[in-house]
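Text of the file target.cif, holding mmCIF, N, CA and C atoms:
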```
data_query
#
loop_
_atom_site.label_atom_id
_atom_site.label_comp_id
_atom_site.auth_asym_id
_atom_site.auth_seq_id
_atom_site.Cartn_x
_atom_site.Cartn_y
_atom_site.Cartn_z
N MET L 1 132.37 111.35 153.79
CA MET L 1 131.41 112.31 153.30
C MET L 1 131.91 112.84 151.97
N LYS L 2 130.99 112.97 151.02
CA LYS L 2 131.35 113.48 149.70
C LYS L 2 131.08 114.98 149.60
N LEU L 3 131.92 115.62 148.81
CA LEU L 3 131.86 117.05 148.56
C LEU L 3 131.66 117.26 147.07
N VAL L 4 130.78 118.18 146.71
CA VAL L 4 130.58 118.56 145.30
C VAL L 4 131.10 119.98 145.14
N VAL L 5 132.07 120.14 144.24
CA VAL L 5 132.68 121.44 143.98
C VAL L 5 132.31 121.86 142.56
N THR L 6 131.77 123.06 142.41
CA THR L 6 131.49 123.61 141.09
C THR L 6 132.33 124.87 140.89
N VAL L 7 132.83 125.01 139.68
CA VAL L 7 133.65 126.17 139.34
C VAL L 7 133.14 126.73 138.02
N VAL L 8 132.87 128.03 138.00
CA VAL L 8 132.39 128.69 136.79
C VAL L 8 133.10 130.03 136.65
N GLY L 9 133.52 130.34 135.42
CA GLY L 9 134.14 131.64 135.18
C GLY L 9 134.83 131.68 133.83
N LYS L 10 135.41 132.80 133.54
CA LYS L 10 136.15 132.98 132.30
C LYS L 10 137.37 132.06 132.34
N ASP L 11 137.62 131.35 131.25
CA ASP L 11 138.73 130.40 131.21
C ASP L 11 140.06 131.12 131.33
N ARG L 12 140.98 130.47 132.03
CA ARG L 12 142.35 130.96 132.16
C ARG L 12 143.23 129.80 132.61
N VAL L 13 144.49 129.95 132.47
CA VAL L 13 145.45 128.92 132.87
C VAL L 13 145.44 128.78 134.39
N GLY L 14 145.44 127.53 134.87
CA GLY L 14 145.65 127.27 136.29
C GLY L 14 144.43 127.06 137.16
N ILE L 15 143.24 127.10 136.60
CA ILE L 15 142.05 126.95 137.44
C ILE L 15 142.03 125.57 138.10
N ILE L 16 142.17 124.53 137.29
CA ILE L 16 142.13 123.17 137.85
C ILE L 16 143.28 122.97 138.82
N ALA L 17 144.46 123.45 138.48
CA ALA L 17 145.63 123.30 139.35
C ALA L 17 145.38 123.95 140.71
N MET L 18 144.79 125.13 140.72
CA MET L 18 144.54 125.84 141.97
C MET L 18 143.56 125.07 142.85
N VAL L 19 142.46 124.60 142.26
CA VAL L 19 141.44 123.88 143.02
C VAL L 19 142.00 122.57 143.56
N THR L 20 142.65 121.81 142.69
CA THR L 20 143.14 120.50 143.11
C THR L 20 144.28 120.61 144.12
N LYS L 21 145.07 121.67 144.06
CA LYS L 21 146.15 121.86 145.03
C LYS L 21 145.56 122.08 146.43
N ILE L 22 144.52 122.91 146.52
CA ILE L 22 143.88 123.13 147.83
C ILE L 22 143.36 121.81 148.38
N LEU L 23 142.72 121.03 147.53
CA LEU L 23 142.17 119.76 147.99
C LEU L 23 143.29 118.80 148.40
N ALA L 24 144.31 118.66 147.56
CA ALA L 24 145.41 117.75 147.87
C ALA L 24 146.14 118.15 149.15
N ASP L 25 146.37 119.44 149.32
CA ASP L 25 147.07 119.93 150.52
C ASP L 25 146.30 119.63 151.81
N ASN L 26 145.00 119.37 151.66
CA ASN L 26 144.15 119.12 152.83
C ASN L 26 143.62 117.69 152.88
N ASN L 27 144.32 116.79 152.18
CA ASN L 27 144.03 115.36 152.21
C ASN L 27 142.61 115.04 151.75
N VAL L 28 142.15 115.74 150.73
CA VAL L 28 140.84 115.49 150.13
C VAL L 28 141.08 114.65 148.87
N ASN L 29 140.39 113.53 148.77
CA ASN L 29 140.56 112.61 147.65
C ASN L 29 139.56 112.93 146.54
N ILE L 30 140.07 113.25 145.35
CA ILE L 30 139.22 113.55 144.21
C ILE L 30 138.73 112.24 143.60
N LEU L 31 137.41 112.12 143.45
CA LEU L 31 136.81 110.91 142.89
C LEU L 31 136.47 111.07 141.42
N SER L 32 136.08 112.28 141.03
CA SER L 32 135.65 112.51 139.66
C SER L 32 135.76 113.99 139.31
N ILE L 33 136.18 114.25 138.07
CA ILE L 33 136.22 115.63 137.57
C ILE L 33 135.62 115.64 136.17
N ASN L 34 134.74 116.60 135.94
CA ASN L 34 134.19 116.82 134.61
C ASN L 34 134.29 118.32 134.35
N GLN L 35 134.98 118.69 133.29
CA GLN L 35 135.11 120.11 132.98
C GLN L 35 134.97 120.33 131.49
N ASN L 36 134.50 121.52 131.15
CA ASN L 36 134.44 121.89 129.74
C ASN L 36 134.61 123.39 129.60
N ILE L 37 134.90 123.78 128.39
CA ILE L 37 135.05 125.20 128.07
C ILE L 37 134.16 125.48 126.87
N MET L 38 133.27 126.44 127.04
CA MET L 38 132.35 126.83 125.97
C MET L 38 132.48 128.32 125.74
N ASP L 39 132.87 128.68 124.54
CA ASP L 39 132.97 130.08 124.14
C ASP L 39 133.78 130.91 125.16
N GLY L 40 134.87 130.30 125.66
CA GLY L 40 135.75 131.02 126.57
C GLY L 40 135.37 130.95 128.04
N PHE L 41 134.28 130.25 128.37
CA PHE L 41 133.86 130.12 129.75
C PHE L 41 134.13 128.72 130.27
N PHE L 42 134.74 128.67 131.45
CA PHE L 42 135.15 127.42 132.08
C PHE L 42 134.05 126.96 133.02
N ASN L 43 133.78 125.65 133.01
CA ASN L 43 132.78 125.06 133.89
C ASN L 43 133.32 123.72 134.37
N MET L 44 133.33 123.49 135.68
CA MET L 44 133.83 122.23 136.22
C MET L 44 132.95 121.73 137.34
N LEU L 45 132.76 120.43 137.37
CA LEU L 45 132.08 119.75 138.47
C LEU L 45 133.04 118.69 138.98
N LEU L 46 133.35 118.74 140.27
CA LEU L 46 134.31 117.83 140.89
C LEU L 46 133.64 117.19 142.09
N ILE L 47 133.82 115.89 142.22
CA ILE L 47 133.30 115.17 143.38
C ILE L 47 134.49 114.63 144.15
N ALA L 48 134.49 114.83 145.46
CA ALA L 48 135.63 114.42 146.29
C ALA L 48 135.15 113.80 147.60
N GLU L 49 136.03 113.02 148.18
CA GLU L 49 135.79 112.41 149.50
C GLU L 49 136.56 113.24 150.53
N ILE L 50 135.86 113.75 151.54
CA ILE L 50 136.52 114.64 152.50
C ILE L 50 136.63 114.05 153.90
N SER L 51 136.36 112.76 154.04
CA SER L 51 136.39 112.13 155.37
C SER L 51 137.75 112.25 156.06
N GLU L 52 138.82 112.24 155.28
CA GLU L 52 140.18 112.31 155.85
C GLU L 52 140.77 113.72 155.80
N SER L 53 139.95 114.70 155.48
CA SER L 53 140.44 116.07 155.32
C SER L 53 140.99 116.65 156.62
N LYS L 54 142.02 117.47 156.47
CA LYS L 54 142.58 118.19 157.61
C LYS L 54 141.69 119.38 158.00
N MET L 55 140.82 119.81 157.08
CA MET L 55 139.96 120.98 157.31
C MET L 55 138.50 120.55 157.43
N SER L 56 137.73 121.35 158.12
CA SER L 56 136.29 121.12 158.17
C SER L 56 135.68 121.53 156.83
N LEU L 57 134.45 121.13 156.60
CA LEU L 57 133.75 121.52 155.38
C LEU L 57 133.69 123.04 155.26
N THR L 58 133.37 123.72 156.34
CA THR L 58 133.28 125.19 156.32
C THR L 58 134.61 125.82 155.95
N GLU L 59 135.70 125.30 156.50
CA GLU L 59 137.02 125.85 156.19
C GLU L 59 137.39 125.61 154.72
N LEU L 60 137.07 124.42 154.20
CA LEU L 60 137.33 124.14 152.79
C LEU L 60 136.52 125.06 151.89
N GLN L 61 135.25 125.25 152.23
CA GLN L 61 134.39 126.14 151.44
C GLN L 61 134.99 127.53 151.37
N LYS L 62 135.44 128.04 152.50
CA LYS L 62 136.02 129.39 152.54
C LYS L 62 137.32 129.45 151.75
N ALA L 63 138.18 128.47 151.92
CA ALA L 63 139.46 128.46 151.21
C ALA L 63 139.25 128.44 149.69
N LEU L 64 138.33 127.60 149.22
CA LEU L 64 138.06 127.52 147.79
C LEU L 64 137.43 128.81 147.26
N LYS L 65 136.46 129.33 148.00
CA LYS L 65 135.80 130.58 147.59
C LYS L 65 136.81 131.73 147.51
N ASP L 66 137.64 131.86 148.54
CA ASP L 66 138.61 132.95 148.59
C ASP L 66 139.62 132.86 147.44
N GLU L 67 140.12 131.67 147.16
CA GLU L 67 141.07 131.51 146.05
C GLU L 67 140.40 131.77 144.70
N GLY L 68 139.15 131.35 144.57
CA GLY L 68 138.41 131.60 143.34
C GLY L 68 138.23 133.09 143.08
N GLU L 69 137.95 133.84 144.13
CA GLU L 69 137.79 135.29 143.98
C GLU L 69 139.07 135.95 143.48
N LYS L 70 140.21 135.41 143.88
CA LYS L 70 141.50 135.97 143.43
C LYS L 70 141.70 135.86 141.93
N ILE L 71 141.10 134.82 141.32
CA ILE L 71 141.27 134.65 139.87
C ILE L 71 139.95 134.83 139.11
N ASN L 72 138.99 135.44 139.78
CA ASN L 72 137.70 135.79 139.17
C ASN L 72 136.90 134.60 138.65
N VAL L 73 136.86 133.52 139.44
CA VAL L 73 135.95 132.42 139.14
C VAL L 73 135.11 132.17 140.39
N GLU L 74 133.91 131.66 140.19
CA GLU L 74 133.03 131.35 141.31
C GLU L 74 133.19 129.88 141.67
N ILE L 75 133.57 129.62 142.90
CA ILE L 75 133.74 128.24 143.36
C ILE L 75 132.78 128.01 144.52
N LYS L 76 131.97 126.97 144.37
CA LYS L 76 131.06 126.57 145.43
C LYS L 76 131.38 125.14 145.81
N ALA L 77 131.42 124.87 147.09
CA ALA L 77 131.65 123.53 147.61
C ALA L 77 130.50 123.19 148.54
N GLN L 78 129.84 122.07 148.26
CA GLN L 78 128.67 121.69 149.06
C GLN L 78 128.74 120.22 149.43
N HIS L 79 128.20 119.92 150.59
CA HIS L 79 128.02 118.52 150.97
C HIS L 79 127.14 117.89 149.90
N GLU L 80 127.42 116.66 149.54
CA GLU L 80 126.68 115.97 148.47
C GLU L 80 125.17 115.98 148.71
N ASP L 81 124.73 115.79 149.95
CA ASP L 81 123.29 115.76 150.24
C ASP L 81 122.63 117.11 149.95
N ILE L 82 123.29 118.19 150.30
CA ILE L 82 122.75 119.53 150.04
C ILE L 82 122.68 119.77 148.53
N PHE L 83 123.74 119.42 147.82
CA PHE L 83 123.76 119.58 146.36
C PHE L 83 122.59 118.82 145.72
N ASN L 84 122.39 117.58 146.14
CA ASN L 84 121.31 116.76 145.57
C ASN L 84 119.94 117.36 145.83
N VAL L 85 119.71 117.86 147.02
CA VAL L 85 118.40 118.46 147.34
C VAL L 85 118.19 119.73 146.51
N MET L 86 119.23 120.53 146.35
CA MET L 86 119.09 121.79 145.60
C MET L 86 118.87 121.58 144.11
N HIS L 87 119.27 120.42 143.58
CA HIS L 87 119.19 120.19 142.15
C HIS L 87 118.19 119.09 141.78
N ARG L 88 117.23 118.85 142.66
CA ARG L 88 116.17 117.89 142.36
C ARG L 88 115.16 118.53 141.42
N ILE L 89 114.68 117.74 140.52
CA ILE L 89 113.67 118.24 139.56
C ILE L 89 112.30 117.79 140.01
#
```
Please express what this file holds, its structure, as C-alpha coordinates.
Amino acid sequence: MKLVVTVVGKDRVGIIAMVTKILADNNVNILSINQNIMDGFFNMLLIAEISESKMSLTELQKALKDEGEKINVEIKAQHEDIFNVMHRI
(Lines of atoms letter the chains of each structure in order from A and count residues from 1; the text may use other names and numbers.)
(Lines give C-alpha, C1' and ligand atoms only; values in the text may rest on other atoms or scores of the structure.)
Protein backbone atom coordinates (compact mmCIF):
# COMPACT_ATOMS: atom_id res chain seq x y z
CA MET A 1 0.00 0.00 0.00
CA LYS A 2 1.30 3.45 -0.88
CA LEU A 3 1.29 6.44 1.44
CA VAL A 4 1.31 10.09 0.37
CA VAL A 5 2.91 12.46 2.87
CA THR A 6 2.65 16.23 2.50
CA VAL A 7 4.60 18.70 4.60
CA VAL A 8 4.02 22.46 4.62
CA GLY A 9 5.45 25.15 6.86
CA LYS A 10 8.12 27.73 7.47
CA ASP A 11 11.49 26.40 6.34
CA ARG A 12 13.97 25.28 8.97
CA VAL A 13 16.81 22.82 9.34
CA GLY A 14 15.85 19.17 9.85
CA ILE A 15 12.37 18.86 8.40
CA ILE A 16 13.26 16.17 5.87
CA ALA A 17 15.49 14.39 8.40
CA MET A 18 12.68 14.24 10.96
CA VAL A 19 10.10 12.88 8.51
CA THR A 20 12.41 10.33 6.91
CA LYS A 21 13.70 9.12 10.30
CA ILE A 22 10.15 8.29 11.43
CA LEU A 23 9.54 6.41 8.21
CA ALA A 24 12.88 4.56 8.27
CA ASP A 25 12.47 3.60 11.94
CA ASN A 26 9.16 1.97 11.01
CA ASN A 27 10.35 0.10 7.91
CA VAL A 28 8.58 2.40 5.45
CA ASN A 29 10.26 2.52 2.03
CA ILE A 30 10.46 5.97 0.43
CA LEU A 31 9.74 5.81 -3.31
CA SER A 32 9.82 9.48 -4.25
CA ILE A 33 10.42 12.88 -2.67
CA ASN A 34 9.75 16.27 -4.20
CA GLN A 35 10.40 19.37 -2.12
CA ASN A 36 10.84 23.06 -2.68
CA ILE A 37 11.24 26.26 -0.76
CA MET A 38 9.48 29.42 -1.89
CA ASP A 39 9.97 32.70 -0.08
CA GLY A 40 10.95 30.88 3.12
CA PHE A 41 8.12 28.33 3.05
CA PHE A 42 8.87 24.62 2.82
CA ASN A 43 6.67 22.28 0.78
CA MET A 44 7.25 18.54 0.33
CA LEU A 45 5.40 15.66 -1.27
CA LEU A 46 6.69 12.18 -0.43
CA ILE A 47 5.40 8.85 -1.68
CA ALA A 48 6.23 5.70 0.29
CA GLU A 49 5.43 2.01 0.42
CA ILE A 50 4.07 0.99 3.83
CA SER A 51 3.31 -2.70 3.30
CA GLU A 52 6.24 -3.74 5.51
CA SER A 53 5.69 -1.04 8.14
CA LYS A 54 5.88 -1.87 11.83
CA MET A 55 3.05 0.65 12.43
CA SER A 56 -0.49 0.86 11.14
CA LEU A 57 -1.46 3.74 8.87
CA THR A 58 -3.28 5.42 11.76
CA GLU A 59 -0.23 5.16 14.02
CA LEU A 60 2.06 6.57 11.31
CA GLN A 61 -0.34 9.45 10.68
CA LYS A 62 -0.35 10.33 14.38
CA ALA A 63 3.42 10.03 14.76
CA LEU A 64 4.07 12.29 11.76
CA LYS A 65 1.43 14.83 12.79
CA ASP A 66 2.71 14.98 16.38
CA GLU A 67 6.34 15.47 15.34
CA GLY A 68 5.31 18.12 12.81
CA GLU A 69 3.50 20.08 15.50
CA LYS A 70 6.71 20.14 17.56
CA ILE A 71 8.52 22.03 14.80
CA ASN A 72 5.50 24.02 13.55
CA VAL A 73 4.95 22.29 10.21
CA GLU A 74 1.77 20.61 9.02
CA ILE A 75 2.26 16.97 8.07
CA LYS A 76 -0.51 14.93 6.51
CA ALA A 77 -0.19 11.26 5.62
CA GLN A 78 -2.88 9.65 3.50
CA HIS A 79 -3.46 6.36 1.77
CA GLU A 80 -2.76 6.91 -1.94
CA ASP A 81 -6.38 6.16 -2.92
CA ILE A 82 -7.76 8.79 -0.53
CA PHE A 83 -5.23 11.37 -1.74
CA ASN A 84 -6.17 10.70 -5.37
CA VAL A 85 -9.91 11.06 -4.72
CA MET A 86 -9.42 14.30 -2.78
CA HIS A 87 -7.31 15.87 -5.54
CA ARG A 88 -9.35 14.90 -8.59
CA ILE A 89 -10.27 17.74 -10.89
Applying the PyMOL selection byres ((chain L and resi 30) around 8) to the file I just gave you, which residues come out? Please list them as a VMD selection string.
chain L and resid 23 to 24 27 to 29 31 to 33 46 to 50
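One finds atom N of Val13 (chain L) at 23.1 Å from CA of Asn26 (chain L).
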According to DSSP computed on the backbone, where in region 3-76 of chain L is there strand (DSSP E or B)? Give the residues as a PDB file with N, CA and C atoms, in the coordinates of the input.
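Written out: part04.pdb:
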```pdb
ATOM      1  N   LEU L   3     131.920 115.620 148.810  1.00  0.00           N
ATOM      2  CA  LEU L   3     131.860 117.050 148.560  1.00  0.00           C
ATOM      3  C   LEU L   3     131.660 117.260 147.070  1.00  0.00           C
ATOM      4  N   VAL L   4     130.780 118.180 146.710  1.00  0.00           N
ATOM      5  CA  VAL L   4     130.580 118.560 145.300  1.00  0.00           C
ATOM      6  C   VAL L   4     131.100 119.980 145.140  1.00  0.00           C
ATOM      7  N   VAL L   5     132.070 120.140 144.240  1.00  0.00           N
ATOM      8  CA  VAL L   5     132.680 121.440 143.980  1.00  0.00           C
ATOM      9  C   VAL L   5     132.310 121.860 142.560  1.00  0.00           C
ATOM     10  N   THR L   6     131.770 123.060 142.410  1.00  0.00           N
ATOM     11  CA  THR L   6     131.490 123.610 141.090  1.00  0.00           C
ATOM     12  C   THR L   6     132.330 124.870 140.890  1.00  0.00           C
ATOM     13  N   VAL L   7     132.830 125.010 139.680  1.00  0.00           N
ATOM     14  CA  VAL L   7     133.650 126.170 139.340  1.00  0.00           C
ATOM     15  C   VAL L   7     133.140 126.730 138.020  1.00  0.00           C
ATOM     16  N   VAL L   8     132.870 128.030 138.000  1.00  0.00           N
ATOM     17  CA  VAL L   8     132.390 128.690 136.790  1.00  0.00           C
ATOM     18  C   VAL L   8     133.100 130.030 136.650  1.00  0.00           C
ATOM     19  N   GLY L   9     133.520 130.340 135.420  1.00  0.00           N
ATOM     20  CA  GLY L   9     134.140 131.640 135.180  1.00  0.00           C
ATOM     21  C   GLY L   9     134.830 131.680 133.830  1.00  0.00           C
ATOM     22  N   LYS L  10     135.410 132.800 133.540  1.00  0.00           N
ATOM     23  CA  LYS L  10     136.150 132.980 132.300  1.00  0.00           C
ATOM     24  C   LYS L  10     137.370 132.060 132.340  1.00  0.00           C
ATOM     25  N   ASN L  29     140.390 113.530 148.770  1.00  0.00           N
ATOM     26  CA  ASN L  29     140.560 112.610 147.650  1.00  0.00           C
ATOM     27  C   ASN L  29     139.560 112.930 146.540  1.00  0.00           C
ATOM     28  N   ILE L  30     140.070 113.250 145.350  1.00  0.00           N
ATOM     29  CA  ILE L  30     139.220 113.550 144.210  1.00  0.00           C
ATOM     30  C   ILE L  30     138.730 112.240 143.600  1.00  0.00           C
ATOM     31  N   LEU L  31     137.410 112.120 143.450  1.00  0.00           N
ATOM     32  CA  LEU L  31     136.810 110.910 142.890  1.00  0.00           C
ATOM     33  C   LEU L  31     136.470 111.070 141.420  1.00  0.00           C
ATOM     34  N   SER L  32     136.080 112.280 141.030  1.00  0.00           N
ATOM     35  CA  SER L  32     135.650 112.510 139.660  1.00  0.00           C
ATOM     36  C   SER L  32     135.760 113.990 139.310  1.00  0.00           C
ATOM     37  N   ILE L  33     136.180 114.250 138.070  1.00  0.00           N
ATOM     38  CA  ILE L  33     136.220 115.630 137.570  1.00  0.00           C
ATOM     39  C   ILE L  33     135.620 115.640 136.170  1.00  0.00           C
ATOM     40  N   ASN L  34     134.740 116.600 135.940  1.00  0.00           N
ATOM     41  CA  ASN L  34     134.190 116.820 134.610  1.00  0.00           C
ATOM     42  C   ASN L  34     134.290 118.320 134.350  1.00  0.00           C
ATOM     43  N   GLN L  35     134.980 118.690 133.290  1.00  0.00           N
ATOM     44  CA  GLN L  35     135.110 120.110 132.980  1.00  0.00           C
ATOM     45  C   GLN L  35     134.970 120.330 131.490  1.00  0.00           C
ATOM     46  N   ASN L  36     134.500 121.520 131.150  1.00  0.00           N
ATOM     47  CA  ASN L  36     134.440 121.890 129.740  1.00  0.00           C
ATOM     48  C   ASN L  36     134.610 123.390 129.600  1.00  0.00           C
ATOM     49  N   ILE L  37     134.900 123.780 128.390  1.00  0.00           N
ATOM     50  CA  ILE L  37     135.050 125.200 128.070  1.00  0.00           C
ATOM     51  C   ILE L  37     134.160 125.480 126.870  1.00  0.00           C
ATOM     52  N   MET L  38     133.270 126.440 127.040  1.00  0.00           N
ATOM     53  CA  MET L  38     132.350 126.830 125.970  1.00  0.00           C
ATOM     54  C   MET L  38     132.480 128.320 125.740  1.00  0.00           C
ATOM     55  N   PHE L  41     134.280 130.250 128.370  1.00  0.00           N
ATOM     56  CA  PHE L  41     133.860 130.120 129.750  1.00  0.00           C
ATOM     57  C   PHE L  41     134.130 128.720 130.270  1.00  0.00           C
ATOM     58  N   PHE L  42     134.740 128.670 131.450  1.00  0.00           N
ATOM     59  CA  PHE L  42     135.150 127.420 132.080  1.00  0.00           C
ATOM     60  C   PHE L  42     134.050 126.960 133.020  1.00  0.00           C
ATOM     61  N   ASN L  43     133.780 125.650 133.010  1.00  0.00           N
ATOM     62  CA  ASN L  43     132.780 125.060 133.890  1.00  0.00           C
ATOM     63  C   ASN L  43     133.320 123.720 134.370  1.00  0.00           C
ATOM     64  N   MET L  44     133.330 123.490 135.680  1.00  0.00           N
ATOM     65  CA  MET L  44     133.830 122.230 136.220  1.00  0.00           C
ATOM     66  C   MET L  44     132.950 121.730 137.340  1.00  0.00           C
ATOM     67  N   LEU L  45     132.760 120.430 137.370  1.00  0.00           N
ATOM     68  CA  LEU L  45     132.080 119.750 138.470  1.00  0.00           C
ATOM     69  C   LEU L  45     133.040 118.690 138.980  1.00  0.00           C
ATOM     70  N   LEU L  46     133.350 118.740 140.270  1.00  0.00           N
ATOM     71  CA  LEU L  46     134.310 117.830 140.890  1.00  0.00           C
ATOM     72  C   LEU L  46     133.640 117.190 142.090  1.00  0.00           C
ATOM     73  N   ILE L  47     133.820 115.890 142.220  1.00  0.00           N
ATOM     74  CA  ILE L  47     133.300 115.170 143.380  1.00  0.00           C
ATOM     75  C   ILE L  47     134.490 114.630 144.150  1.00  0.00           C
ATOM     76  N   ALA L  48     134.490 114.830 145.460  1.00  0.00           N
ATOM     77  CA  ALA L  48     135.630 114.420 146.290  1.00  0.00           C
ATOM     78  C   ALA L  48     135.150 113.800 147.600  1.00  0.00           C
ATOM     79  N   GLU L  49     136.030 113.020 148.180  1.00  0.00           N
ATOM     80  CA  GLU L  49     135.790 112.410 149.500  1.00  0.00           C
ATOM     81  C   GLU L  49     136.560 113.240 150.530  1.00  0.00           C
ATOM     82  N   VAL L  73     136.860 133.520 139.440  1.00  0.00           N
ATOM     83  CA  VAL L  73     135.950 132.420 139.140  1.00  0.00           C
ATOM     84  C   VAL L  73     135.110 132.170 140.390  1.00  0.00           C
ATOM     85  N   GLU L  74     133.910 131.660 140.190  1.00  0.00           N
ATOM     86  CA  GLU L  74     133.030 131.350 141.310  1.00  0.00           C
ATOM     87  C   GLU L  74     133.190 129.880 141.670  1.00  0.00           C
ATOM     88  N   ILE L  75     133.570 129.620 142.900  1.00  0.00           N
ATOM     89  CA  ILE L  75     133.740 128.240 143.360  1.00  0.00           C
ATOM     90  C   ILE L  75     132.780 128.010 144.520  1.00  0.00           C
ATOM     91  N   LYS L  76     131.970 126.970 144.370  1.00  0.00           N
ATOM     92  CA  LYS L  76     131.060 126.570 145.430  1.00  0.00           C
ATOM     93  C   LYS L  76     131.380 125.140 145.810  1.00  0.00           C
TER      94      LYS L  76
END
```
Of L:Val19, L:Ile37, L:Ile71, L:Leu45, the one sitting nearest Val5 (chain L) when using all atoms listed in the file is L:Leu45
Grab the atom C of Gln35 (chain L) to atom C of Val4 (chain L) distance for me, in Å with one decimal place.
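Between atom C of Gln35 (chain L) and atom C of Val4 (chain L) the gap works out to 14.2 Å.
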Applying 7 Å and all atoms listed in the file, which residues near region 60-62 of chain L remain after dropping the ones on its own chain fewer than 3 positions away? List them as a PyMOL selection string.
chain L and resi 55-57+65-67+76-78
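For the pair CA of Ile22 (chain L) and CA of Ile75 (chain L), the interatomic distance is 12.2 Å.
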Could you tell me, as an MDAnalysis selection string, which residues of region 27-87 of chain L DSSP assigns to helix (DSSP H, G or I) when given the backbone?
chainID L and resid 57:70 80:86
Here is a test: counting only C-alpha atoms, which residue of L:Thr6, L:Thr58, L:Asn72, L:Thr20 is nearest to Asn34 (chain L)?
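Of L:Thr6, L:Thr58, L:Asn72, L:Thr20, the one nearest Asn34 (chain L) is L:Thr6, counting only C-alpha atoms.
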Run the PyMOL selection byres ((chain L and resi 73) around 6.5) mentally over the shown coordinates, then write out the matched residues as a PDB file with N, CA and C atoms, in the coordinates of the input, using the chain letters and numbers from the document.
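Output file part-v8.pdb follows:
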```
ATOM      1  N   VAL L   7     132.830 125.010 139.680  1.00  0.00           N
ATOM      2  CA  VAL L   7     133.650 126.170 139.340  1.00  0.00           C
ATOM      3  C   VAL L   7     133.140 126.730 138.020  1.00  0.00           C
ATOM      4  N   VAL L   8     132.870 128.030 138.000  1.00  0.00           N
ATOM      5  CA  VAL L   8     132.390 128.690 136.790  1.00  0.00           C
ATOM      6  C   VAL L   8     133.100 130.030 136.650  1.00  0.00           C
ATOM      7  N   GLY L   9     133.520 130.340 135.420  1.00  0.00           N
ATOM      8  CA  GLY L   9     134.140 131.640 135.180  1.00  0.00           C
ATOM      9  C   GLY L   9     134.830 131.680 133.830  1.00  0.00           C
ATOM     10  N   LYS L  10     135.410 132.800 133.540  1.00  0.00           N
ATOM     11  CA  LYS L  10     136.150 132.980 132.300  1.00  0.00           C
ATOM     12  C   LYS L  10     137.370 132.060 132.340  1.00  0.00           C
ATOM     13  N   GLY L  68     139.150 131.350 144.570  1.00  0.00           N
ATOM     14  CA  GLY L  68     138.410 131.600 143.340  1.00  0.00           C
ATOM     15  C   GLY L  68     138.230 133.090 143.080  1.00  0.00           C
ATOM     16  N   GLU L  69     137.950 133.840 144.130  1.00  0.00           N
ATOM     17  CA  GLU L  69     137.790 135.290 143.980  1.00  0.00           C
ATOM     18  C   GLU L  69     139.070 135.950 143.480  1.00  0.00           C
ATOM     19  N   LYS L  70     140.210 135.410 143.880  1.00  0.00           N
ATOM     20  CA  LYS L  70     141.500 135.970 143.430  1.00  0.00           C
ATOM     21  C   LYS L  70     141.700 135.860 141.930  1.00  0.00           C
ATOM     22  N   ILE L  71     141.100 134.820 141.320  1.00  0.00           N
ATOM     23  CA  ILE L  71     141.270 134.650 139.870  1.00  0.00           C
ATOM     24  C   ILE L  71     139.950 134.830 139.110  1.00  0.00           C
ATOM     25  N   ASN L  72     138.990 135.440 139.780  1.00  0.00           N
ATOM     26  CA  ASN L  72     137.700 135.790 139.170  1.00  0.00           C
ATOM     27  C   ASN L  72     136.900 134.600 138.650  1.00  0.00           C
ATOM     28  N   GLU L  74     133.910 131.660 140.190  1.00  0.00           N
ATOM     29  CA  GLU L  74     133.030 131.350 141.310  1.00  0.00           C
ATOM     30  C   GLU L  74     133.190 129.880 141.670  1.00  0.00           C
ATOM     31  N   ILE L  75     133.570 129.620 142.900  1.00  0.00           N
ATOM     32  CA  ILE L  75     133.740 128.240 143.360  1.00  0.00           C
ATOM     33  C   ILE L  75     132.780 128.010 144.520  1.00  0.00           C
TER      34      ILE L  75
END
```
